Amino acid sequence: MTTIEEPAQIDGAKLEQFVFRAVDEVGATLNAALVVMGDKLGLYKALAGAGPLTPTELAERTGTAERYVREWLNQQAAGGYVEYDPETGRYTLPPEQTIALTDPDSPAYLPGFFQIALGSVLDSPRITEAARSGNGVGWHEHGHDVFDGCERFFRPGYNANLISGWLPALDGVVAKLERGAKVADVGCGHGSSTILMAKAFPNSTFVGSDYHEGSIATARKRAREAGLDDRVTFEVAPSSSFSGSGYDLVTMFDCLHDMGDPAGAARHVRSTLAADGTWMIVEPAAGDRVEDNLNPVGRAYYGFSTLLCTPASLSQDVGLALGAQAGEARIRDVVTSGGLTRFRRAAETPFNLVFEARP
Ligand SMILES: C[S@@+](CC[C@H](N)C(=O)[O-])C[C@H]1O[C@@H](n2cnc3c(N)ncnc32)[C@H](O)[C@@H]1O
């Protein structure tokens, strides 16, 4: 029997509200490119602490073209990133924006966040095609802005939390690191977490690994530059077969959910851990249910998950595709399926959950 549906009643005010919200979002989408532009051209750095500048002065200081700089400044002023004084025609970067846009050591540092978002958007036509076929797109298939943006996005959070909060939240790990421990940092990307830990614990040795050759080449460069290549080595290896054994600590930062076979990775971690070793898993903050994650942080992470993490996992064997909002219950299942018997949430921030798993 055919049923005829009543036409839905349209609330004109709600429709208008939604369209106006979309105007804001289109502005925000374009803003990602303009923030990356300001970062790469040195516009924010030149504005920082310089007081009010005209477009001509900013262009002169950065070796850029005034007409572009003027338009960029107006867009930044419309978004509240810079302040405009109509009396003088000058633009100022307020002190809070100066920190967030120019200080890479601040936990509030934002350019990397925008860079990985823009890199993901630039690579999105491939994801649209993959969504038709169900095929994956590997992490290694992305452009430079995804790799570089990833490092610059995560590093401020690791700087702020890893040594002072996350490692001390693990049972007995800091004492071992201080005495001299063997550490494997798996899925290490450009190695910012590996290098941070190595600097803090000079008696310990570190092996960073990642399946992506290009990331490991950068990680090796970073270790050389930091003068740490005697205690920090990097290898190209998937999480199912990274080298070594008897590790006191295995770490995974924002990468378990990107792996095709996280349960296989868990089995391998178990086999490489010392009898009383610890596996620290840092994952994006998420609740177990979709409705727990329908908020601004969840929105950004579901976005990255659709464009980066889910396709990355689908490109690998098994292709479990946990997604960046997997939540504690699913992570626990995967980790304990690998033979780890103890699992707990050790720490959390608005952006991350930190788990401790032990044999
Ligand atoms: C979001 S990035 C995080 C990188 C780094 N841990 C960080 O926090 O900056 C995810 C990383 O997981 C790596 N990865 C994905 N699947 C992997 C696998 N099966 N084995 C090893 N690394 C993998 C990617 O190459 C990428 O470097």
# chains A, B, ... in the order shown; residues from 1 in each chain; ligands from 1
call {"tool": "residues_near_ligand", "arguments": {"ligand": "ligand 1", "cutoff": "7 Å", "atoms": "only C-alpha atoms and all ligand atoms", "output": "MDAnalysis selection string"}}
result
chainID A and resid 139:140 150:151 154:155 186:193 209:212 215 237:240 252:255 258:261 312:313
call {"tool": "write_last_selection", "arguments": {"atoms": "N, CA, C and O atoms", "output": "compact mmCIF listing (two decimals), in the first residue's frame"}}
result
# COMPACT_ATOMS: atom_id res chain seq x y z
N TRP A 139 47.59 7.25 5.17
CA TRP A 139 48.18 8.47 5.74
C TRP A 139 49.29 8.99 4.83
O TRP A 139 49.39 10.19 4.57
N HIS A 140 50.10 8.05 4.30
CA HIS A 140 51.25 8.43 3.47
C HIS A 140 50.83 9.08 2.15
O HIS A 140 51.66 9.67 1.47
N CYS A 150 50.08 18.22 11.37
CA CYS A 150 49.88 17.24 12.45
C CYS A 150 50.92 17.44 13.55
O CYS A 150 50.59 17.55 14.73
N GLU A 151 52.17 17.56 13.14
CA GLU A 151 53.25 17.78 14.12
C GLU A 151 53.02 19.09 14.89
O GLU A 151 53.10 19.13 16.12
N PHE A 154 49.78 18.84 17.29
CA PHE A 154 49.85 18.02 18.50
C PHE A 154 50.94 18.47 19.48
O PHE A 154 50.79 18.32 20.69
N ARG A 155 52.06 18.98 18.94
CA ARG A 155 53.21 19.26 19.81
C ARG A 155 52.88 20.17 21.00
O ARG A 155 53.29 19.86 22.13
N VAL A 186 55.44 4.29 19.14
CA VAL A 186 54.94 3.66 17.90
C VAL A 186 53.96 4.62 17.19
O VAL A 186 53.16 5.28 17.85
N GLY A 187 54.05 4.67 15.85
CA GLY A 187 53.21 5.61 15.09
C GLY A 187 53.62 7.03 15.41
O GLY A 187 52.79 7.91 15.58
N CYS A 188 54.95 7.25 15.47
CA CYS A 188 55.50 8.49 16.07
C CYS A 188 55.47 9.68 15.13
O CYS A 188 55.78 10.80 15.55
N GLY A 189 55.12 9.48 13.84
CA GLY A 189 55.09 10.62 12.92
C GLY A 189 56.43 11.33 12.87
O GLY A 189 57.48 10.68 12.69
N HIS A 190 56.44 12.63 13.07
CA HIS A 190 57.68 13.40 13.03
C HIS A 190 58.47 13.31 14.35
O HIS A 190 59.47 13.99 14.50
N GLY A 191 57.98 12.53 15.29
CA GLY A 191 58.76 12.22 16.49
C GLY A 191 58.74 13.29 17.57
O GLY A 191 59.60 13.28 18.45
N SER A 192 57.73 14.17 17.57
CA SER A 192 57.78 15.23 18.59
C SER A 192 57.63 14.66 20.00
O SER A 192 58.30 15.11 20.93
N SER A 193 56.78 13.64 20.16
CA SER A 193 56.62 13.03 21.49
C SER A 193 57.90 12.29 21.90
O SER A 193 58.33 12.37 23.06
N SER A 209 58.93 4.61 15.86
CA SER A 209 58.66 3.89 14.61
C SER A 209 57.36 4.40 13.99
O SER A 209 56.47 4.87 14.69
N ASP A 210 57.31 4.29 12.68
CA ASP A 210 56.11 4.69 11.93
C ASP A 210 56.20 3.98 10.59
O ASP A 210 57.30 3.77 10.06
N TYR A 211 55.06 3.62 10.02
CA TYR A 211 55.12 2.93 8.72
C TYR A 211 55.42 3.91 7.60
O TYR A 211 55.80 3.51 6.52
N HIS A 212 55.29 5.22 7.85
CA HIS A 212 55.46 6.22 6.78
C HIS A 212 56.92 6.70 6.72
O HIS A 212 57.41 7.39 7.63
N SER A 215 57.77 10.48 7.13
CA SER A 215 57.70 10.99 8.50
C SER A 215 58.94 10.59 9.29
O SER A 215 59.47 11.38 10.08
N ALA A 237 58.60 1.13 10.30
CA ALA A 237 58.03 -0.19 10.63
C ALA A 237 56.56 -0.02 10.97
O ALA A 237 56.17 0.96 11.61
N PRO A 238 55.73 -0.97 10.55
CA PRO A 238 54.33 -0.93 10.97
C PRO A 238 54.19 -1.37 12.43
O PRO A 238 55.09 -2.03 12.98
N SER A 239 53.07 -1.02 13.02
CA SER A 239 52.86 -1.32 14.44
C SER A 239 52.78 -2.82 14.70
O SER A 239 52.93 -3.26 15.83
N SER A 240 52.59 -3.61 13.64
CA SER A 240 52.51 -5.06 13.83
C SER A 240 53.88 -5.71 13.93
O SER A 240 53.98 -6.88 14.29
N MET A 252 51.79 5.23 22.29
CA MET A 252 51.14 5.53 21.01
C MET A 252 50.37 6.83 21.19
O MET A 252 49.47 6.90 22.03
N PHE A 253 50.75 7.82 20.40
CA PHE A 253 50.11 9.14 20.50
C PHE A 253 49.21 9.37 19.30
O PHE A 253 49.72 9.45 18.16
N ASP A 254 47.93 9.49 19.55
CA ASP A 254 46.97 9.85 18.49
C ASP A 254 47.17 9.04 17.22
O ASP A 254 47.18 9.60 16.11
N CYS A 255 47.33 7.73 17.36
CA CYS A 255 47.55 6.93 16.15
C CYS A 255 46.91 5.54 16.21
O CYS A 255 46.73 4.92 15.16
N ASP A 258 44.12 5.12 13.90
CA ASP A 258 44.46 5.24 12.48
C ASP A 258 44.90 3.91 11.88
O ASP A 258 45.01 3.79 10.66
N MET A 259 45.20 2.97 12.73
CA MET A 259 45.77 1.71 12.25
C MET A 259 44.68 0.78 11.72
O MET A 259 43.57 0.73 12.26
N GLY A 260 45.03 0.00 10.69
CA GLY A 260 44.06 -0.93 10.12
C GLY A 260 43.73 -2.05 11.09
O GLY A 260 42.59 -2.49 11.21
N ASP A 261 44.76 -2.51 11.80
CA ASP A 261 44.58 -3.66 12.68
C ASP A 261 45.08 -3.32 14.10
O ASP A 261 46.14 -3.79 14.53
N ALA A 312 42.49 6.22 6.49
CA ALA A 312 43.83 5.67 6.76
C ALA A 312 43.70 4.22 7.22
O ALA A 312 44.40 3.32 6.73
N SER A 313 42.80 3.97 8.15
CA SER A 313 42.64 2.61 8.65
C SER A 313 42.10 1.69 7.56
O SER A 313 42.57 0.56 7.40
call {"tool": "closest_atom_pairs", "arguments": {"of": "range 110-198 of chain A", "to": "range 15-38 of chain A", "cutoff": "12 Å", "atoms": "only C-alpha atoms", "output": "tab-separated table"}}
result
residue	atom	partner	partner_atom	distance
A:Leu110	CA	A:Val35	CA	9.2
A:Pro111	CA	A:Val36	CA	6.6
A:Gly112	CA	A:Val36	CA	8.5
A:Phe113	CA	A:Ala32	CA	9.1
A:Phe114	CA	A:Ala32	CA	5.4
A:Gln115	CA	A:Val36	CA	5.9
A:Ile116	CA	A:Ala32	CA	9.5
A:Ala117	CA	A:Ala32	CA	7.2
A:Leu118	CA	A:Ala32	CA	6.0
A:Gly119	CA	A:Ala33	CA	9.4
A:Ser120	CA	A:Ala32	CA	10.9
A:Val121	CA	A:Thr29	CA	9.3
A:Leu122	CA	A:Ala33	CA	9.9
A:Asp145	CA	A:Val36	CA	9.6
A:Asp148	CA	A:Val36	CA	11.9
A:Gly149	CA	A:Val36	CA	9.9
call {"tool": "select_by_dssp", "arguments": {"residues": "range 6-47 of chain A", "states": "helix (DSSP H, G or I)", "output": "count of residues only"}}
result
34
call {"tool": "select_by_dssp", "arguments": {"residues": "range 105-314 of chain A", "states": "strand (DSSP E)", "output": "PyMOL selection string"}}
result
chain A and resi 182-186+205-210+232-236+247-253+273-284
call {"tool": "closest_residue", "arguments": {"among": "A:Val334, A:Val290, A:Leu196, A:Leu249", "to": "Ala263 in chain A", "atoms": "only C-alpha atoms"}}
result
A:Val334
call {"tool": "residues_around", "arguments": {"residues": "Ile99 in chain A", "least_positions_apart": "5", "cutoff": "12 Å", "atoms": "only C-alpha atoms", "output": "list in words"}}
result
Tyr44, Lys45, Leu47, Ala48, Gly49, Tyr81, Leu93, Pro94, Pro104, Asp105, Ser106, Pro107, Ala108, Tyr109, Leu110 and Pro111 of chain A
call {"tool": "closest_residue", "arguments": {"among": "A:Ala181, A:Glu235, A:Ala326, A:Ala200", "to": "Asp276 in chain A", "atoms": "only C-alpha atoms"}}
result
A:Ala181
call {"tool": "closest_residue", "arguments": {"among": "A:Leu58, A:Leu162, A:Ala130, A:Ile195", "to": "Val174 in chain A", "atoms": "only C-alpha atoms"}}
result
A:Leu162
call {"tool": "closest_residue", "arguments": {"among": "A:Gly327, A:Glu66, A:His142, A:Thr102", "to": "Arg126 in chain A", "atoms": "only C-alpha atoms"}}
result
A:His142
call {"tool": "residues_around", "arguments": {"residues": "range 69-75 of chain A", "least_positions_apart": "2", "cutoff": "8 Å", "atoms": "only C-alpha atoms", "output": "number ranges by chain"}}
result
A: 34, 55-56, 58-59, 64-67, 77-79, 82, 91
call {"tool": "write_last_selection", "arguments": {"atoms": "N, CA and C atoms", "output": "mmCIF file, in the first residue's frame"}}
result
data_model
loop_
_atom_site.group_PDB
_atom_site.id
_atom_site.type_symbol
_atom_site.label_atom_id
_atom_site.label_comp_id
_atom_site.auth_asym_id
_atom_site.auth_seq_id
_atom_site.Cartn_x
_atom_site.Cartn_y
_atom_site.Cartn_z
ATOM 1 N N LEU A 34 43.314 31.422 5.013
ATOM 2 C CA LEU A 34 43.916 32.730 5.283
ATOM 3 C C LEU A 34 44.815 32.710 6.521
ATOM 4 N N PRO A 55 48.570 48.544 6.043
ATOM 5 C CA PRO A 55 48.869 47.454 5.115
ATOM 6 C C PRO A 55 50.217 47.655 4.411
ATOM 7 N N THR A 56 50.536 48.887 4.083
ATOM 8 C CA THR A 56 51.814 49.158 3.400
ATOM 9 C C THR A 56 52.985 48.784 4.302
ATOM 10 N N LEU A 58 52.987 46.653 6.802
ATOM 11 C CA LEU A 58 53.059 45.195 6.984
ATOM 12 C C LEU A 58 53.638 44.529 5.738
ATOM 13 N N ALA A 59 53.214 45.012 4.572
ATOM 14 C CA ALA A 59 53.739 44.441 3.320
ATOM 15 C C ALA A 59 55.246 44.664 3.221
ATOM 16 N N THR A 64 55.890 41.354 1.016
ATOM 17 C CA THR A 64 54.690 40.881 0.311
ATOM 18 C C THR A 64 54.023 42.049 -0.417
ATOM 19 N N ALA A 65 52.990 41.737 -1.190
ATOM 20 C CA ALA A 65 52.332 42.755 -2.017
ATOM 21 C C ALA A 65 51.203 43.425 -1.229
ATOM 22 N N GLU A 66 51.243 44.748 -1.181
ATOM 23 C CA GLU A 66 50.313 45.522 -0.343
ATOM 24 C C GLU A 66 48.850 45.194 -0.628
ATOM 25 N N ARG A 67 48.483 45.021 -1.907
ATOM 26 C CA ARG A 67 47.053 44.843 -2.208
ATOM 27 C C ARG A 67 46.524 43.540 -1.592
ATOM 28 N N ALA A 77 40.248 41.160 10.175
ATOM 29 C CA ALA A 77 39.528 42.083 11.059
ATOM 30 C C ALA A 77 38.059 41.688 11.157
ATOM 31 N N ALA A 78 37.473 41.276 10.041
ATOM 32 C CA ALA A 78 36.051 40.878 10.052
ATOM 33 C C ALA A 78 35.842 39.656 10.940
ATOM 34 N N GLY A 79 36.868 38.821 11.077
ATOM 35 C CA GLY A 79 36.755 37.615 11.903
ATOM 36 C C GLY A 79 37.227 37.814 13.331
ATOM 37 N N VAL A 82 42.373 40.262 13.930
ATOM 38 C CA VAL A 82 43.113 41.505 14.164
ATOM 39 C C VAL A 82 42.087 42.610 14.441
ATOM 40 N N TYR A 91 46.053 48.416 11.671
ATOM 41 C CA TYR A 91 45.592 47.107 12.156
ATOM 42 C C TYR A 91 46.548 46.615 13.247
#
